[in-house]
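Asks: My structure is stored as data.cif, with mmCIF, C-alpha atoms.
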```
data_start
loop_
_atom_site.label_atom_id
_atom_site.label_comp_id
_atom_site.auth_asym_id
_atom_site.auth_seq_id
_atom_site.Cartn_x
_atom_site.Cartn_y
_atom_site.Cartn_z
CA MET N 383 132.53 120.87 80.97
CA GLY N 384 130.29 123.91 81.16
CA LYS N 385 129.75 126.27 84.08
CA LEU N 386 126.65 127.49 85.87
CA TYR N 387 126.53 131.22 86.62
CA ILE N 388 124.11 132.43 89.29
CA VAL N 389 123.31 135.99 88.21
CA PRO N 390 121.42 138.49 90.39
CA THR N 391 119.11 140.89 88.54
CA PRO N 392 117.72 144.26 89.71
CA ILE N 393 114.86 144.23 92.21
CA GLY N 394 113.48 147.40 90.65
CA ASN N 395 115.94 149.98 89.35
CA LEU N 396 117.61 148.57 86.22
CA LYS N 397 120.75 150.61 86.95
CA ASP N 398 121.49 148.24 89.84
CA ILE N 399 122.65 145.46 87.52
CA THR N 400 126.42 144.99 87.54
CA LEU N 401 128.73 145.26 84.55
CA ARG N 402 129.90 141.72 85.22
CA ALA N 403 126.32 140.42 85.18
CA LEU N 404 125.75 142.02 81.78
CA ASP N 405 128.94 140.45 80.42
CA VAL N 406 127.92 136.99 81.66
CA LEU N 407 124.38 137.24 80.26
CA LYS N 408 125.81 138.24 76.87
CA ASP N 409 128.51 135.57 76.79
CA VAL N 410 126.73 132.40 77.99
CA ASP N 411 125.03 129.97 75.62
CA LEU N 412 121.75 129.79 77.54
CA ILE N 413 119.86 131.77 80.19
CA LEU N 414 117.50 129.95 82.55
CA ALA N 415 114.77 132.41 83.57
CA GLU N 416 112.03 132.14 86.17
CA ASP N 417 109.65 133.96 83.79
CA THR N 418 110.91 134.49 80.26
CA ARG N 419 108.41 137.32 79.69
CA THR N 420 109.67 139.28 82.70
CA SER N 421 113.33 138.58 81.96
CA GLY N 422 112.74 139.33 78.29
CA LYS N 423 112.10 142.97 79.16
CA LEU N 424 115.40 143.14 81.06
CA LEU N 425 117.38 141.54 78.26
CA LYS N 426 115.75 143.75 75.65
CA HIS N 427 116.62 146.87 77.65
CA PHE N 428 120.31 145.90 77.65
CA GLU N 429 120.22 144.56 74.06
CA ILE N 430 121.05 140.99 75.11
CA THR N 431 119.97 138.35 72.59
CA THR N 432 121.05 135.16 74.40
CA GLN N 433 118.58 132.27 74.16
CA MET N 434 116.30 131.84 77.17
CA GLN N 435 114.63 128.79 78.69
CA SER N 436 111.98 128.65 81.42
CA HIS N 437 113.16 127.38 84.82
CA HIS N 438 110.78 127.92 87.73
CA MET N 439 109.46 126.26 90.90
CA HIS N 440 106.85 124.26 88.99
CA ASN N 441 109.26 122.59 86.54
CA GLU N 442 112.70 122.66 88.18
CA HIS N 443 112.42 119.12 89.54
CA LYS N 444 111.83 117.85 85.99
CA THR N 445 114.42 119.96 84.18
CA VAL N 446 117.45 119.70 86.47
CA GLU N 447 118.81 116.45 84.97
CA ARG N 448 118.45 117.79 81.42
CA ILE N 449 120.30 120.97 82.36
CA ILE N 450 123.07 118.96 84.04
CA GLN N 451 123.57 117.03 80.80
CA LYS N 452 123.87 120.28 78.86
CA LEU N 453 126.49 121.52 81.32
CA LYS N 454 128.42 118.25 81.08
CA HIS N 455 128.54 118.71 77.32
CA GLY N 456 130.10 122.15 77.64
CA THR N 457 127.10 124.50 77.59
CA GLN N 458 127.69 127.72 79.53
CA ILE N 459 124.49 128.56 81.44
CA ALA N 460 123.31 131.55 83.48
CA LEU N 461 120.46 131.26 85.98
CA ILE N 462 118.36 134.34 86.78
CA SER N 463 115.12 134.94 88.68
CA ASP N 464 112.50 137.63 88.12
CA ALA N 465 114.35 139.90 90.55
CA GLY N 466 117.20 139.59 93.03
CA THR N 467 119.52 136.66 93.61
CA PRO N 468 118.35 133.18 92.50
CA ALA N 469 117.80 130.59 95.27
CA ILE N 470 116.88 133.28 97.83
CA SER N 471 113.15 132.43 98.08
CA ASP N 472 113.37 131.67 94.34
CA PRO N 473 114.37 128.64 92.24
CA GLY N 474 118.07 127.81 92.18
CA PHE N 475 118.93 125.57 95.11
CA LEU N 476 118.13 122.27 93.39
CA LEU N 477 120.20 123.08 90.31
CA THR N 478 123.12 124.42 92.35
CA ARG N 479 123.17 121.29 94.50
CA ALA N 480 123.01 119.04 91.42
CA CYS N 481 125.95 120.89 89.86
CA ILE N 482 128.04 120.44 92.99
CA GLU N 483 127.16 116.73 93.14
CA ASN N 484 128.28 116.37 89.52
CA GLN N 485 131.47 118.40 90.04
CA ILE N 486 130.26 121.16 87.73
CA GLU N 487 131.64 124.59 88.57
CA VAL N 488 129.19 127.13 90.01
CA ASP N 489 129.99 130.84 89.97
CA CYS N 490 127.61 133.02 92.00
CA LEU N 491 127.90 136.71 91.19
CA PRO N 492 127.27 139.32 93.90
CA GLY N 493 124.36 141.66 93.36
CA ALA N 494 120.86 142.74 94.23
CA THR N 495 118.99 141.04 97.10
CA ALA N 496 115.93 142.73 98.60
CA PHE N 497 116.47 141.81 102.25
CA VAL N 498 119.89 143.46 102.60
CA PRO N 499 118.82 147.11 102.07
CA ALA N 500 115.63 146.47 104.05
CA LEU N 501 117.65 145.11 106.98
CA VAL N 502 120.20 147.91 106.91
CA ASN N 503 117.69 150.76 106.68
CA SER N 504 115.41 149.28 109.34
CA GLY N 505 117.59 150.69 112.10
CA LEU N 506 117.33 147.38 113.94
CA PRO N 507 120.44 145.42 115.03
CA ASN N 508 122.01 143.70 112.02
CA ASP N 509 125.22 142.27 113.47
CA LYS N 510 123.25 139.03 113.89
CA PHE N 511 120.03 138.23 112.10
CA VAL N 512 117.96 135.32 110.77
CA PHE N 513 116.40 135.25 107.31
CA GLU N 514 113.02 133.48 107.39
CA GLY N 515 111.74 134.26 103.89
CA PHE N 516 108.01 133.53 103.55
CA LEU N 517 106.20 132.13 106.57
CA PRO N 518 104.15 128.95 106.03
CA VAL N 519 100.75 129.88 104.63
CA LYS N 520 98.68 127.46 106.74
CA LYS N 521 100.23 124.26 108.03
CA GLY N 522 103.09 124.94 110.40
CA ARG N 523 102.53 128.69 110.61
CA GLN N 524 101.50 128.73 114.29
CA THR N 525 104.35 126.40 115.24
CA ARG N 526 106.85 128.62 113.41
CA LEU N 527 105.56 131.80 115.03
CA LEU N 528 105.68 130.26 118.51
CA LEU N 529 109.30 129.28 117.91
CA LEU N 530 110.24 132.69 116.50
CA ALA N 531 108.64 134.45 119.48
CA GLU N 532 111.73 133.32 121.45
CA GLU N 533 114.23 134.38 118.74
CA THR N 534 116.63 137.05 120.05
CA ARG N 535 118.17 137.95 116.70
CA THR N 536 116.60 140.39 114.25
CA MET N 537 114.27 138.51 111.88
CA VAL N 538 113.73 139.15 108.17
CA PHE N 539 110.62 138.05 106.27
CA TYR N 540 109.27 138.33 102.74
CA GLU N 541 105.54 138.88 102.34
CA SER N 542 103.00 139.56 99.61
CA PRO N 543 100.91 142.75 99.89
CA HIS N 544 97.57 140.95 100.31
CA LYS N 545 98.92 138.95 103.27
CA LEU N 546 100.81 141.76 105.03
CA ILE N 547 98.01 142.82 107.38
CA LYS N 548 97.37 139.22 108.44
CA THR N 549 101.07 138.68 109.12
CA LEU N 550 101.45 141.92 111.09
CA GLY N 551 98.43 140.86 113.12
CA HIS N 552 100.12 137.56 113.89
CA PHE N 553 103.28 139.42 114.94
CA CYS N 554 101.17 141.44 117.39
CA ASP N 555 99.61 138.24 118.76
CA TYR N 556 102.77 136.14 119.03
CA PHE N 557 105.55 138.71 119.49
CA GLY N 558 103.65 141.49 121.27
CA GLU N 559 102.19 144.76 120.01
CA ASP N 560 105.24 146.73 121.17
CA ARG N 561 107.79 144.70 119.17
CA GLN N 562 109.66 147.00 116.77
CA VAL N 563 108.96 146.36 113.10
CA SER N 564 110.17 147.88 109.81
CA VAL N 565 108.32 147.30 106.55
CA SER N 566 110.14 148.19 103.32
CA ARG N 567 108.03 148.28 100.17
CA GLU N 568 108.96 148.66 96.49
CA LEU N 569 112.69 148.91 97.22
CA THR N 570 114.69 150.84 94.56
CA LYS N 571 111.47 151.72 92.71
CA LEU N 572 109.69 155.06 92.25
CA PHE N 573 107.32 154.65 95.21
CA GLU N 574 109.80 153.07 97.63
CA GLU N 575 108.93 153.53 101.29
CA THR N 576 109.91 152.20 104.70
CA ILE N 577 107.48 152.37 107.63
CA ARG N 578 108.99 151.83 111.09
CA GLY N 579 107.38 151.52 114.50
CA THR N 580 105.73 149.04 116.82
CA ALA N 581 103.98 146.05 115.33
CA LYS N 582 100.65 147.65 116.29
CA SER N 583 101.41 151.06 114.79
CA VAL N 584 102.65 149.55 111.52
CA LEU N 585 99.58 147.30 111.39
CA ASP N 586 97.32 150.35 111.90
CA HIS N 587 99.16 152.21 109.13
CA TYR N 588 98.64 149.50 106.53
CA THR N 589 95.09 148.77 107.69
CA ASN N 590 94.29 152.36 106.72
CA LYS N 591 96.54 152.34 103.66
CA PRO N 592 96.48 148.95 101.89
CA PRO N 593 99.99 148.13 100.61
CA LYS N 594 101.11 147.39 97.06
CA GLY N 595 104.29 145.92 95.64
CA GLU N 596 107.09 143.70 96.92
CA ILE N 597 107.52 143.73 100.71
CA VAL N 598 110.29 142.94 103.20
CA ILE N 599 109.51 142.91 106.94
CA VAL N 600 112.27 143.29 109.53
CA VAL N 601 111.32 142.42 113.12
CA GLU N 602 113.20 143.09 116.34
CA GLY N 603 114.29 140.01 118.26
CA ARG N 604 113.07 139.24 121.75
CA LYS N 605 114.88 141.29 124.37
#
```
Here is the file; what I need is its structure written in the form of structure tokens.

Replies:
Amino acid sequence: MGKLYIVPTPIGNLKDITLRALDVLKDVDLILAEDTRTSGKLLKHFEITTQMQSHHMHNEHKTVERIIQKLKHGTQIALISDAGTPAISDPGFLLTRACIENQIEVDCLPGATAFVPALVNSGLPNDKFVFEGFLPVKKGRQTRLLLLAEETRTMVFYESPHKLIKTLGHFCDYFGEDRQVSVSRELTKLFEETIRGTAKSVLDHYTNKPPKGEIVIVVEGRK
């Protein structure tokens, strides 16, 4: 019987990969990658020549059973995403669940995840928090925001740069303009920044300075 390794990869700075992650990626028989072109650059940098196969949100429903059969026949497989820990707003949950159902061992390595540094450096309470990932784009968005308006724990969201202003505007409308917000952008990369303040002040900042790169939003819970 094979084993599935869940392997976090750097969210920006390549030095953030762990020694154990490098060993696993070198030793397994197959690497499942969200985007083989993106992961190919990482593997090339660390001189890893392990075979790769595409595994992403558009094909994971179709490929899970085939991967399970490979694992049952002894193939050692590592799952990686473009950046961070697989299954955190990335493919990985379906395969992990299928492995558990088939009594195949799953080993999840610790490593890079964007929301942890964003939460810690926000300065907002982090003893209790809720990770929301991406808000619904259309259907269910208003319902979710109305529910979260009553949330007392710190909230963590992922957002794309072209939707950030819209989302901050919704936070002003549903949570109040004075709600404390922290936006971390391009974590671990050259132009990393964190902007903290009220929802209104952060909205004004990015209205005047359109954002780029990967974004994590941390929002104060209702007092």

Asks: List the residues selected by the PyMOL selection byres ((chain N and resi 585) around 9) in the file shown, writing them as a PDB file with C-alpha atoms, in the frame of the given file.

Replies:
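Printed below is expr.pdb as written:
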```
ATOM      1  CA  LEU N 546     100.810 141.760 105.030  1.00  0.00           C
ATOM      2  CA  ILE N 547      98.010 142.820 107.380  1.00  0.00           C
ATOM      3  CA  LYS N 548      97.370 139.220 108.440  1.00  0.00           C
ATOM      4  CA  LEU N 550     101.450 141.920 111.090  1.00  0.00           C
ATOM      5  CA  GLY N 551      98.430 140.860 113.120  1.00  0.00           C
ATOM      6  CA  CYS N 554     101.170 141.440 117.390  1.00  0.00           C
ATOM      7  CA  THR N 580     105.730 149.040 116.820  1.00  0.00           C
ATOM      8  CA  ALA N 581     103.980 146.050 115.330  1.00  0.00           C
ATOM      9  CA  LYS N 582     100.650 147.650 116.290  1.00  0.00           C
ATOM     10  CA  SER N 583     101.410 151.060 114.790  1.00  0.00           C
ATOM     11  CA  VAL N 584     102.650 149.550 111.520  1.00  0.00           C
ATOM     12  CA  ASP N 586      97.320 150.350 111.900  1.00  0.00           C
ATOM     13  CA  HIS N 587      99.160 152.210 109.130  1.00  0.00           C
ATOM     14  CA  TYR N 588      98.640 149.500 106.530  1.00  0.00           C
ATOM     15  CA  THR N 589      95.090 148.770 107.690  1.00  0.00           C
ATOM     16  CA  ASN N 590      94.290 152.360 106.720  1.00  0.00           C
TER      17      ASN N 590
END
```

Asks: Could you give me, as a PyMOL selection string, the residues within 12 Å of Thr549 in chain N, counting only C-alpha atoms and dropping anything in the same chain fewer than 5 positions from it?

Replies: chain N and resi 516-520+523-524+527+539-544+554-557+563+565+581-582+584-585+588-589+597-599+601

Asks: What residues come out when you apply the PyMOL selection byres ((chain N and resi 471) around 12) to this file, written as a list in words?

Replies: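 Selected by the PyMOL selection byres ((chain N and resi 471) around 12) in this file: Glu416, His438, Met439, Ser463, Asp464, Ala465, Gly466, Thr467, Pro468, Ala469, Ile470, Asp472, Pro473, Gly474, Phe475, Thr495, Ala496, Phe497, Phe513, Glu514, Gly515, Phe516, Leu517, Phe539, Tyr540 and Glu541 of chain N.
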
Asks: Please expand the PyMOL selection byres ((chain N and resi 456) around 12) into the concrete residues it hits in this file, giving the result as a compact mmCIF listing (two decimals) with C-alpha atoms, keeping the file's coordinate frame.

Replies:
```
# COMPACT_ATOMS: atom_id res chain seq x y z
CA MET N 383 132.53 120.87 80.97
CA GLY N 384 130.29 123.91 81.16
CA LYS N 385 129.75 126.27 84.08
CA LEU N 386 126.65 127.49 85.87
CA VAL N 410 126.73 132.40 77.99
CA ASP N 411 125.03 129.97 75.62
CA LEU N 412 121.75 129.79 77.54
CA ILE N 449 120.30 120.97 82.36
CA ILE N 450 123.07 118.96 84.04
CA GLN N 451 123.57 117.03 80.80
CA LYS N 452 123.87 120.28 78.86
CA LEU N 453 126.49 121.52 81.32
CA LYS N 454 128.42 118.25 81.08
CA HIS N 455 128.54 118.71 77.32
CA THR N 457 127.10 124.50 77.59
CA GLN N 458 127.69 127.72 79.53
CA ILE N 459 124.49 128.56 81.44
CA ILE N 486 130.26 121.16 87.73
CA GLU N 487 131.64 124.59 88.57
```

Asks: Return the single residue from N:Asp560, N:Glu568, N:Glu575, N:Asp409 that is closest to Glu596 in chain N, with distances computed using all atoms listed in the file.

Replies: N:Glu568

Asks: As an exercise, work out the distance from CA of Asp489 in chain N to CA of Ile430 in chain N in Å and give it to one decimal place.

Replies: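 Rounded to one decimal, the two atoms are 20.1 Å apart.
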
Asks: Between N:Ile399, N:Leu530, N:Val538, N:Met434, single out the one closest to Ser421 in chain N, counting only C-alpha atoms.

Replies: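 Closest to Ser421 in chain N, using only C-alpha atoms: N:Met434.
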
Asks: Taking into account only C-alpha atoms, which residue in the set N:Ala403, N:Ala531, N:Ala500, N:Cys481 is nearest to Ile577 in chain N?

Replies: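 Result for the nearest residue to Ile577 in chain N: N:Ala500.
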
Asks: Considering only C-alpha atoms, can you say which of N:Asn441, N:Asn484, N:Asn395, N:Thr432 comes closest to Asp417 in chain N?

Replies: N:Asn441

Asks: Can you complete the atoms of range 523-534 of chain N to all heavy atoms and list them as a PDB file, keeping the file's coordinate frame?

Replies:
```pdb
ATOM      1  N   ARG N 523     102.353 127.254 110.358  1.00  0.00           N
ATOM      2  CA  ARG N 523     102.530 128.690 110.610  1.00  0.00           C
ATOM      3  C   ARG N 523     102.550 129.000 112.102  1.00  0.00           C
ATOM      4  O   ARG N 523     103.441 129.694 112.593  1.00  0.00           O
ATOM      5  CB  ARG N 523     101.429 129.479 109.914  1.00  0.00           C
ATOM      6  CG  ARG N 523     101.626 131.001 109.951  1.00  0.00           C
ATOM      7  CD  ARG N 523     100.475 131.698 109.242  1.00  0.00           C
ATOM      8  NE  ARG N 523     100.644 133.149 109.213  1.00  0.00           N
ATOM      9  CZ  ARG N 523     101.234 133.841 108.251  1.00  0.00           C
ATOM     10  NH1 ARG N 523     101.762 133.199 107.203  1.00  0.00           N
ATOM     11  NH2 ARG N 523     101.319 135.156 108.293  1.00  0.00           N
ATOM     12  N   GLN N 524     101.575 128.474 112.850  1.00  0.00           N
ATOM     13  CA  GLN N 524     101.500 128.730 114.290  1.00  0.00           C
ATOM     14  C   GLN N 524     102.738 128.200 114.999  1.00  0.00           C
ATOM     15  O   GLN N 524     103.326 128.873 115.854  1.00  0.00           O
ATOM     16  CB  GLN N 524     100.243 128.116 114.881  1.00  0.00           C
ATOM     17  CG  GLN N 524     100.093 128.377 116.375  1.00  0.00           C
ATOM     18  CD  GLN N 524      98.851 127.726 116.958  1.00  0.00           C
ATOM     19  OE1 GLN N 524      98.452 126.657 116.522  1.00  0.00           O
ATOM     20  NE2 GLN N 524      98.242 128.373 117.939  1.00  0.00           N
ATOM     21  N   THR N 525     103.162 126.994 114.631  1.00  0.00           N
ATOM     22  CA  THR N 525     104.350 126.400 115.240  1.00  0.00           C
ATOM     23  C   THR N 525     105.573 127.267 114.987  1.00  0.00           C
ATOM     24  O   THR N 525     106.395 127.483 115.891  1.00  0.00           O
ATOM     25  CB  THR N 525     104.577 124.984 114.667  1.00  0.00           C
ATOM     26  OG1 THR N 525     103.430 124.185 114.925  1.00  0.00           O
ATOM     27  CG2 THR N 525     105.808 124.342 115.282  1.00  0.00           C
ATOM     28  N   ARG N 526     105.692 127.784 113.754  1.00  0.00           N
ATOM     29  CA  ARG N 526     106.850 128.620 113.410  1.00  0.00           C
ATOM     30  C   ARG N 526     106.830 129.922 114.199  1.00  0.00           C
ATOM     31  O   ARG N 526     107.867 130.380 114.707  1.00  0.00           O
ATOM     32  CB  ARG N 526     106.852 128.914 111.906  1.00  0.00           C
ATOM     33  CG  ARG N 526     108.163 129.489 111.406  1.00  0.00           C
ATOM     34  CD  ARG N 526     109.253 128.467 111.470  1.00  0.00           C
ATOM     35  NE  ARG N 526     110.583 129.056 111.364  1.00  0.00           N
ATOM     36  CZ  ARG N 526     111.683 128.492 111.822  1.00  0.00           C
ATOM     37  NH1 ARG N 526     111.618 127.333 112.447  1.00  0.00           N
ATOM     38  NH2 ARG N 526     112.843 129.070 111.681  1.00  0.00           N
ATOM     39  N   LEU N 527     105.669 130.531 114.315  1.00  0.00           N
ATOM     40  CA  LEU N 527     105.560 131.800 115.030  1.00  0.00           C
ATOM     41  C   LEU N 527     105.857 131.631 116.525  1.00  0.00           C
ATOM     42  O   LEU N 527     106.495 132.487 117.135  1.00  0.00           O
ATOM     43  CB  LEU N 527     104.164 132.391 114.835  1.00  0.00           C
ATOM     44  CG  LEU N 527     103.905 132.988 113.438  1.00  0.00           C
ATOM     45  CD1 LEU N 527     102.422 133.231 113.220  1.00  0.00           C
ATOM     46  CD2 LEU N 527     104.695 134.282 113.254  1.00  0.00           C
ATOM     47  N   LEU N 528     105.394 130.527 117.103  1.00  0.00           N
ATOM     48  CA  LEU N 528     105.680 130.260 118.510  1.00  0.00           C
ATOM     49  C   LEU N 528     107.175 130.105 118.748  1.00  0.00           C
ATOM     50  O   LEU N 528     107.722 130.578 119.751  1.00  0.00           O
ATOM     51  CB  LEU N 528     104.935 129.000 118.978  1.00  0.00           C
ATOM     52  CG  LEU N 528     103.428 129.151 119.193  1.00  0.00           C
ATOM     53  CD1 LEU N 528     102.773 127.781 119.383  1.00  0.00           C
ATOM     54  CD2 LEU N 528     103.148 130.046 120.402  1.00  0.00           C
ATOM     55  N   LEU N 529     107.850 129.456 117.816  1.00  0.00           N
ATOM     56  CA  LEU N 529     109.300 129.280 117.910  1.00  0.00           C
ATOM     57  C   LEU N 529     110.020 130.625 117.757  1.00  0.00           C
ATOM     58  O   LEU N 529     110.932 130.953 118.522  1.00  0.00           O
ATOM     59  CB  LEU N 529     109.767 128.297 116.831  1.00  0.00           C
ATOM     60  CG  LEU N 529     111.262 127.989 116.792  1.00  0.00           C
ATOM     61  CD1 LEU N 529     111.681 127.244 118.056  1.00  0.00           C
ATOM     62  CD2 LEU N 529     111.597 127.139 115.567  1.00  0.00           C
ATOM     63  N   LEU N 530     109.580 131.415 116.779  1.00  0.00           N
ATOM     64  CA  LEU N 530     110.240 132.690 116.500  1.00  0.00           C
ATOM     65  C   LEU N 530     109.973 133.721 117.601  1.00  0.00           C
ATOM     66  O   LEU N 530     110.727 134.689 117.727  1.00  0.00           O
ATOM     67  CB  LEU N 530     109.776 133.239 115.148  1.00  0.00           C
ATOM     68  CG  LEU N 530     110.261 132.449 113.932  1.00  0.00           C
ATOM     69  CD1 LEU N 530     109.611 132.975 112.661  1.00  0.00           C
ATOM     70  CD2 LEU N 530     111.783 132.520 113.813  1.00  0.00           C
ATOM     71  N   ALA N 531     108.926 133.524 118.379  1.00  0.00           N
ATOM     72  CA  ALA N 531     108.640 134.450 119.480  1.00  0.00           C
ATOM     73  C   ALA N 531     109.783 134.483 120.488  1.00  0.00           C
ATOM     74  O   ALA N 531     109.961 135.464 121.215  1.00  0.00           O
ATOM     75  CB  ALA N 531     107.334 134.058 120.166  1.00  0.00           C
ATOM     76  N   GLU N 532     110.592 133.407 120.530  1.00  0.00           N
ATOM     77  CA  GLU N 532     111.730 133.320 121.450  1.00  0.00           C
ATOM     78  C   GLU N 532     113.049 133.718 120.786  1.00  0.00           C
ATOM     79  O   GLU N 532     114.089 133.729 121.433  1.00  0.00           O
ATOM     80  CB  GLU N 532     111.839 131.899 122.004  1.00  0.00           C
ATOM     81  CG  GLU N 532     110.591 131.425 122.742  1.00  0.00           C
ATOM     82  CD  GLU N 532     110.243 132.342 123.896  1.00  0.00           C
ATOM     83  OE1 GLU N 532     111.160 132.718 124.650  1.00  0.00           O
ATOM     84  OE2 GLU N 532     109.052 132.691 124.043  1.00  0.00           O
ATOM     85  N   GLU N 533     113.024 134.030 119.481  1.00  0.00           N
ATOM     86  CA  GLU N 533     114.230 134.380 118.740  1.00  0.00           C
ATOM     87  C   GLU N 533     114.763 135.742 119.201  1.00  0.00           C
ATOM     88  O   GLU N 533     114.022 136.730 119.223  1.00  0.00           O
ATOM     89  CB  GLU N 533     113.942 134.411 117.241  1.00  0.00           C
ATOM     90  CG  GLU N 533     115.094 134.854 116.365  1.00  0.00           C
ATOM     91  CD  GLU N 533     116.310 133.967 116.504  1.00  0.00           C
ATOM     92  OE1 GLU N 533     116.225 132.792 116.110  1.00  0.00           O
ATOM     93  OE2 GLU N 533     117.351 134.465 117.005  1.00  0.00           O
ATOM     94  N   THR N 534     116.047 135.798 119.570  1.00  0.00           N
ATOM     95  CA  THR N 534     116.630 137.050 120.050  1.00  0.00           C
ATOM     96  C   THR N 534     117.310 137.859 118.953  1.00  0.00           C
ATOM     97  O   THR N 534     117.611 139.038 119.154  1.00  0.00           O
ATOM     98  CB  THR N 534     117.646 136.764 121.172  1.00  0.00           C
ATOM     99  OG1 THR N 534     118.671 135.887 120.672  1.00  0.00           O
ATOM    100  CG2 THR N 534     116.960 136.129 122.372  1.00  0.00           C
TER     101      THR N 534
END
```
